[in-house]
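With CSV, C-alpha atoms inside, this is upload_32.csv:
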chain,number,residue,atom,x,y,z
O,222,MET,CA,-30.9,-12.4,30.7
O,223,ALA,CA,-27.9,-10.2,31.4
O,224,LYS,CA,-25.7,-9.1,28.5
O,225,ILE,CA,-22.4,-10.8,28.0
O,226,ARG,CA,-19.5,-8.3,27.8
O,227,VAL,CA,-16.4,-9.2,25.8
O,228,SER,CA,-13.2,-7.4,25.7
O,229,TYR,CA,-12.4,-5.7,22.3
O,230,GLU,CA,-8.8,-4.7,23.2
O,231,TYR,CA,-6.1,-5.8,20.7
O,232,SER,CA,-3.1,-7.8,21.7
O,233,GLU,CA,0.4,-6.5,21.2
O,234,ALA,CA,1.0,-8.5,18.1
O,235,GLU,CA,-2.3,-7.3,16.6
O,236,ASP,CA,-1.5,-3.7,17.5
O,237,LYS,CA,1.9,-4.0,15.7
O,238,SER,CA,0.3,-5.5,12.6
O,239,ILE,CA,-2.3,-2.7,12.4
O,240,ARG,CA,0.5,-0.1,12.8
O,241,LEU,CA,2.4,-1.9,10.0
O,242,GLY,CA,-0.6,-1.8,7.7
O,243,LEU,CA,-1.3,1.9,8.4
O,244,PHE,CA,2.4,2.6,7.7
O,245,LEU,CA,2.2,0.8,4.4
O,246,ILE,CA,-1.0,2.7,3.4
O,247,ALA,CA,0.6,6.0,4.3
O,248,CYS,CA,3.8,5.2,2.3
O,249,GLY,CA,1.7,4.1,-0.7
O,250,ILE,CA,-0.3,7.4,-0.7
O,251,LEU,CA,2.8,9.5,-0.2
O,252,SER,CA,4.8,7.7,-2.9
O,253,LEU,CA,1.9,8.0,-5.3
O,254,PHE,CA,1.8,11.8,-4.9
O,255,ILE,CA,5.6,12.1,-5.1
O,256,LEU,CA,6.0,9.9,-8.1
O,257,GLY,CA,3.0,11.5,-9.7
O,258,PHE,CA,4.5,15.0,-9.5
O,259,CYS,CA,8.1,14.0,-10.3
O,260,TRP,CA,7.7,11.2,-12.9
O,261,LEU,CA,4.2,10.6,-13.9
O,262,SER,CA,3.4,14.1,-15.3
O,263,PRO,CA,6.6,14.3,-17.5
O,264,THR,CA,6.0,10.7,-18.6
O,265,LEU,CA,2.4,11.5,-19.7
O,266,GLN,CA,3.6,14.6,-21.5
O,267,SER,CA,6.3,12.6,-23.3
O,268,LEU,CA,3.8,9.9,-24.3
O,269,GLN,CA,1.6,12.6,-25.9
O,270,SER,CA,4.2,13.1,-28.6
O,271,LYS,CA,3.3,11.1,-31.8
O,272,PRO,CA,5.9,9.2,-33.8
O,273,ALA,CA,6.7,10.5,-37.3
O,274,ASN,CA,9.2,10.0,-40.1
O,275,CYS,CA,12.0,12.6,-40.1
O,276,THR,CA,14.6,13.4,-42.7
O,277,VAL,CA,17.6,15.7,-42.2
O,278,VAL,CA,17.3,19.0,-44.1
O,279,SER,CA,20.4,20.8,-42.8
O,280,VAL,CA,23.1,20.6,-40.1
O,281,LEU,CA,24.4,23.9,-38.8
O,282,ARG,CA,26.9,24.9,-36.2
O,283,PRO,CA,26.6,28.7,-35.4
O,284,GLU,CA,29.5,30.5,-33.8
O,285,GLU,CA,27.5,31.1,-30.6
O,286,MET,CA,29.0,29.3,-27.6
O,287,PHE,CA,27.0,28.2,-24.5
O,288,GLU,CA,28.0,27.6,-21.0
O,289,CYS,CA,27.6,24.4,-19.0
O,290,VAL,CA,28.4,23.5,-15.4
O,291,PHE,CA,30.8,20.7,-14.5
O,292,ASN,CA,31.6,19.0,-11.2
O,293,CYS,CA,35.2,18.5,-10.1
O,294,GLY,CA,34.6,17.2,-6.6
O,295,THR,CA,32.2,17.3,-3.7
O,296,ASP,CA,32.4,21.1,-3.2
O,297,CYS,CA,34.0,22.0,-6.5
O,298,LYS,CA,32.0,23.3,-9.5
O,299,GLY,CA,32.9,25.2,-12.6
O,300,THR,CA,31.7,26.4,-16.0
O,301,SER,CA,33.0,25.6,-19.5
O,302,LEU,CA,31.9,26.3,-23.1
O,303,TYR,CA,30.5,24.1,-25.8
O,304,PRO,CA,29.5,25.0,-29.4
O,305,CYS,CA,25.9,24.8,-30.5
O,306,LEU,CA,24.7,22.2,-33.0
O,307,GLN,CA,21.5,22.7,-34.8
O,308,ILE,CA,19.9,19.9,-36.8
O,309,PHE,CA,16.8,20.8,-38.8
O,310,VAL,CA,14.6,18.0,-40.0
O,311,ASN,CA,11.4,17.6,-42.0
O,312,ASN,CA,8.8,15.5,-40.2
O,313,SER,CA,6.0,13.7,-42.0
O,314,GLU,CA,3.4,14.5,-39.3
O,315,SER,CA,3.2,18.2,-40.0
O,316,ASN,CA,5.3,18.3,-43.3
O,317,SER,CA,7.3,21.2,-41.9
O,318,VAL,CA,10.8,21.9,-40.9
O,319,ALA,CA,11.6,21.6,-37.1
O,320,LEU,CA,14.6,21.6,-34.9
O,321,LEU,CA,15.7,18.2,-33.7
O,322,HIS,CA,16.5,17.6,-30.0
O,323,PHE,CA,17.9,14.4,-28.5
O,324,ASP,CA,15.3,14.2,-25.7
O,325,GLU,CA,13.1,16.2,-23.4
O,326,GLN,CA,15.8,17.0,-20.9
O,327,GLN,CA,18.1,18.6,-23.5
O,328,LEU,CA,15.1,20.4,-24.9
O,329,VAL,CA,14.5,22.0,-21.5
O,330,LEU,CA,18.2,22.5,-20.9
O,331,ASN,CA,18.9,24.4,-24.2
O,332,PRO,CA,16.0,24.9,-26.6
O,333,LYS,CA,18.2,26.6,-29.2
O,334,CYS,CA,20.6,23.6,-29.7
O,335,SER,CA,20.0,20.1,-30.8
O,336,TYR,CA,22.7,18.5,-28.6
O,337,VAL,CA,24.1,19.4,-25.2
O,338,PRO,CA,27.3,17.4,-24.5
O,339,PRO,CA,28.2,16.0,-21.1
O,340,CYS,CA,30.0,19.0,-19.5
O,341,GLU,CA,33.8,18.7,-19.2
O,342,ARG,CA,36.3,21.1,-17.7
O,343,ASP,CA,38.2,21.1,-21.0
O,344,ASN,CA,36.4,23.1,-23.7
O,345,GLN,CA,38.0,21.0,-26.4
O,346,LYS,CA,36.4,17.8,-25.2
O,347,ASN,CA,33.0,19.5,-25.4
O,348,ARG,CA,33.8,20.7,-28.9
O,349,ASP,CA,34.9,17.2,-30.0
O,350,SER,CA,31.7,15.6,-28.7
O,351,VAL,CA,29.6,18.1,-30.7
O,352,LEU,CA,31.7,17.6,-33.8
O,353,TRP,CA,31.2,13.9,-33.6
O,354,TRP,CA,27.5,14.2,-33.7
O,355,GLU,CA,27.7,16.7,-36.5
O,356,ASP,CA,29.6,14.3,-38.6
O,357,TYR,CA,27.2,11.5,-37.7
O,358,PHE,CA,24.1,13.3,-38.9
O,359,THR,CA,25.9,14.9,-41.9
O,360,LYS,CA,27.4,11.7,-43.4
O,361,GLU,CA,25.3,8.7,-42.1
O,362,VAL,CA,21.8,10.0,-41.4
O,363,SER,CA,21.5,12.7,-44.0
O,364,SER,CA,20.1,10.4,-46.7
O,365,GLN,CA,18.0,8.2,-44.4
O,366,SER,CA,14.7,8.7,-42.7
O,367,PHE,CA,14.4,7.9,-39.0
O,368,ILE,CA,11.7,7.9,-36.3
O,369,CYS,CA,11.2,11.1,-34.4
O,370,PHE,CA,8.5,12.2,-32.0
O,371,PHE,CA,6.4,15.3,-32.6
O,372,ASN,CA,3.9,17.2,-30.3
O,373,GLN,CA,1.8,19.6,-32.3
O,374,GLN,CA,0.1,21.2,-29.2
O,375,ARG,CA,3.1,21.8,-27.0
O,376,ARG,CA,6.1,22.5,-29.3
O,377,PRO,CA,5.2,22.6,-33.0
O,378,ASP,CA,8.7,23.8,-34.0
O,379,ASP,CA,10.6,21.0,-32.2
O,380,VAL,CA,10.9,17.3,-32.6
O,381,LEU,CA,12.5,14.7,-30.4
O,382,TRP,CA,14.9,12.0,-31.4
O,383,ARG,CA,14.3,9.9,-28.3
O,384,ARG,CA,11.9,9.7,-25.5
O,385,SER,CA,13.2,10.2,-22.0
O,386,HIS,CA,10.3,8.3,-20.5
O,387,ASP,CA,8.3,5.3,-21.8
O,388,THR,CA,5.4,3.2,-20.6
O,389,SER,CA,7.7,1.3,-18.1
O,390,VAL,CA,8.1,4.4,-16.1
O,391,LEU,CA,4.4,4.9,-16.1
O,392,LEU,CA,3.9,1.3,-14.9
O,393,HIS,CA,6.4,1.7,-12.0
O,394,CYS,CA,4.9,5.0,-10.9
O,395,VAL,CA,1.5,3.4,-10.5
O,396,LEU,CA,2.4,-0.2,-9.6
O,397,TRP,CA,4.5,0.1,-6.5
O,398,PRO,CA,2.4,2.7,-4.7
O,399,MET,CA,-0.7,0.6,-5.4
O,400,VAL,CA,1.0,-2.6,-4.2
O,401,SER,CA,2.0,-0.8,-0.9
O,402,LEU,CA,-1.5,0.6,-0.5
O,403,LEU,CA,-3.2,-2.7,-1.2
O,404,LEU,CA,-0.9,-4.7,1.1
O,405,GLY,CA,-1.4,-2.3,4.0
O,406,THR,CA,-5.1,-2.4,3.5
O,407,LEU,CA,-5.1,-6.2,3.4
O,408,ILE,CA,-3.0,-6.4,6.6
O,409,VAL,CA,-5.4,-4.1,8.5
O,410,LEU,CA,-8.5,-5.9,7.3
O,411,LEU,CA,-7.2,-9.4,8.1
O,412,THR,CA,-6.2,-8.2,11.6
O,413,VAL,CA,-9.6,-6.6,12.3
O,414,CYS,CA,-11.4,-9.7,10.9
O,415,ALA,CA,-9.3,-12.1,13.0
O,416,ARG,CA,-10.0,-10.1,16.1
O,417,SER,CA,-13.7,-9.9,15.4
O,418,LEU,CA,-13.9,-13.7,14.9
O,419,ALA,CA,-12.0,-14.2,18.2
O,420,VAL,CA,-14.4,-11.9,20.0
O,421,ARG,CA,-17.4,-13.7,18.6
O,422,ALA,CA,-15.9,-17.1,19.6
O,423,GLU,CA,-15.3,-15.8,23.1
O,424,ALA,CA,-18.8,-14.4,23.4
O,425,LEU,CA,-20.3,-17.8,22.2
O,426,GLN,CA,-18.1,-19.6,24.8
O,427,LYS,CA,-19.3,-17.4,27.6
O,428,ARG,CA,-22.9,-17.7,26.5
O,429,LYS,CA,-22.5,-21.5,26.4
O,430,CYS,CA,-21.0,-21.5,29.9
O,431,SER,CA,-23.7,-19.3,31.3
O,432,TYR,CA,-26.4,-21.5,29.8
O,433,GLU,CA,-24.9,-24.6,31.4
O,434,VAL,CA,-24.8,-22.8,34.8
O,435,CYS,CA,-28.4,-21.9,34.4
O,436,GLN,CA,-29.3,-25.5,33.7
O,437,ASP,CA,-27.5,-26.7,36.8
O,438,LEU,CA,-29.3,-24.1,38.9
O,439,SER,CA,-32.7,-25.1,37.5
O,440,SER,CA,-32.1,-28.8,38.2
O,441,ALA,CA,-31.0,-28.2,41.8
O,442,PRO,CA,-34.6,-27.4,43.3
O,443,SER,CA,-36.1,-30.4,41.6
O,444,ASP,CA,-33.5,-32.6,43.2
O,445,ARG,CA,-34.3,-31.1,46.6
O,446,ARG,CA,-38.1,-31.7,46.1
O,447,SER,CA,-37.5,-35.3,45.2
O,448,HIS,CA,-35.3,-35.7,48.2
O,449,LYS,CA,-37.9,-34.3,50.6
O,450,ALA,CA,-40.6,-36.5,49.1
O,451,GLY,CA,-38.5,-39.6,49.8
O,452,GLU,CA,-37.8,-38.7,53.4
O,453,PRO,CA,-41.0,-40.0,55.1
O,454,LEU,CA,-40.5,-43.4,53.4
O,455,SER,CA,-37.1,-43.6,54.8
O,456,THR,CA,-38.2,-42.6,58.4
O,457,ASN,CA,-41.2,-45.1,58.4
O,458,SER,CA,-39.0,-47.9,57.2
O,459,ASP,CA,-36.4,-47.2,59.9
O,460,PRO,CA,-37.0,-49.9,62.7
O,461,GLU,CA,-35.4,-47.8,65.3
O,462,LEU,CA,-37.9,-44.9,64.8
O,463,LEU,CA,-40.8,-47.4,65.1
O,464,SER,CA,-39.7,-48.8,68.4
O,465,PRO,CA,-41.6,-47.6,71.6
O,466,SER,CA,-38.6,-46.0,73.0
O,467,ARG,CA,-38.4,-43.7,70.1
O,468,THR,CA,-42.2,-42.9,69.9
O,469,LEU,CA,-42.9,-42.4,73.6
O,470,PRO,CA,-41.2,-39.8,75.8
O,471,LEU,CA,-39.1,-41.1,78.7
O,472,PHE,CA,-41.5,-39.7,81.4
O,473,ALA,CA,-44.6,-41.1,79.8
O,474,VAL,CA,-46.5,-43.6,82.0
O,475,PRO,CA,-48.8,-46.2,80.4
O,476,VAL,CA,-52.4,-45.9,81.4
O,477,ARG,CA,-54.4,-49.0,82.3
O,478,ARG,CA,-57.8,-49.6,80.8
O,479,ARG,CA,-59.6,-49.9,84.1
O,480,ASP,CA,-58.3,-46.5,85.1
O,481,ARG,CA,-59.9,-45.1,82.0
O,482,GLU,CA,-63.2,-46.6,82.8
O,483,HIS,CA,-63.3,-44.9,86.2
What is this structure when it is put down as structure tokens?
Amino acid sequence: MAKIRVSYEYSEAEDKSIRLGLFLIACGILSLFILGFCWLSPTLQSLQSKPANCTVVSVLRPEEMFECVFNCGTDCKGTSLYPCLQIFVNNSESNSVALLHFDEQQLVLNPKCSYVPPCERDNQKNRDSVLWWEDYFTKEVSSQSFICFFNQQRRPDDVLWRRSHDTSVLLHCVLWPMVSLLLGTLIVLLTVCARSLAVRAEALQKRKCSYEVCQDLSSAPSDRRSHKAGEPLSTNSDPELLSPSRTLPLFAVPVRRRDREH
């Protein structure tokens, strides 16, 4: 029996859905790499710091001034100065004195100071912001313990007052790329499965049609044989065929019996 060939070409709608699925898969993989390098690695490093109880030991303001960069427009930038504030605390994790920083960003921006103010063009505004935090830690926090975060392996001489990243950042960095990746994979799989089922249904339909045609062709010779077998009965039963004018030729002459004897 000849093989039944079925077309495996995708329709325009199926082709678009497959392209959409592949695009979502590519976006998921790319966003996973980008978010992993930009957000996931700093978040994991921030989560490695352990919480500890800290108490203020001393609050200092050295005479050294540091520069910061401010923006005054789209193409306008400038520098201004701010005083350095140093807050030394004693943490319960290592039982040693360490320099307090507000978060990881300020620790990277200026490791020598505890607080880096939002940079303003006016130096006095920067100074007032630093003095406010100096009074806060000197008068209100000096006699109280608070939660700080300490990382013995990375920076044993520094502690953090706040974490810049928490578990929610880690969740978003992993969740949305995985959602895009799974959604694209699901679209491609559903489209391929739907096309495969359609091809199988088409192949079964063609096989069924070819089987019916074969049955019709096999029943045709038997009908012909039965028709031929019934033809003599029909000719013998025909009264016109049994008449002498039909059985004898026109030029035939009847022979008498006495002529046969001679």
Could you state the separation of atom CA of Gly242 of chain O and atom CA of Ala424 of chain O in Å, given to one decimal place?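 It comes out at 27.1 Å.
With distances restricted to only C-alpha atoms, O:Ile368 is the closest residue to Trp382 of chain O from O:Cys334, O:Leu253, O:Val413, O:Ile368.
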Please report the interatomic distance between atom CA of Gln373 of chain O and atom CA of Trp354 of chain O in Å with one decimal. 26.3 Å
Which distance in Å separates atom CA of Asn344 of chain O and atom CA of Thr359 of chain O, to one decimal? 22.6 Å
Pick from O:Cys259, O:Val380, O:Leu425, O:Leu306, whichever lies nearest to Trp353 of chain O using all atoms listed in the file: O:Leu306
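Compared by their closest atoms to Leu396 of chain O, and using only C-alpha atoms, the residues O:Lys237, O:Gln365, O:Gly249, O:Arg416 rank with O:Gly249 nearest.
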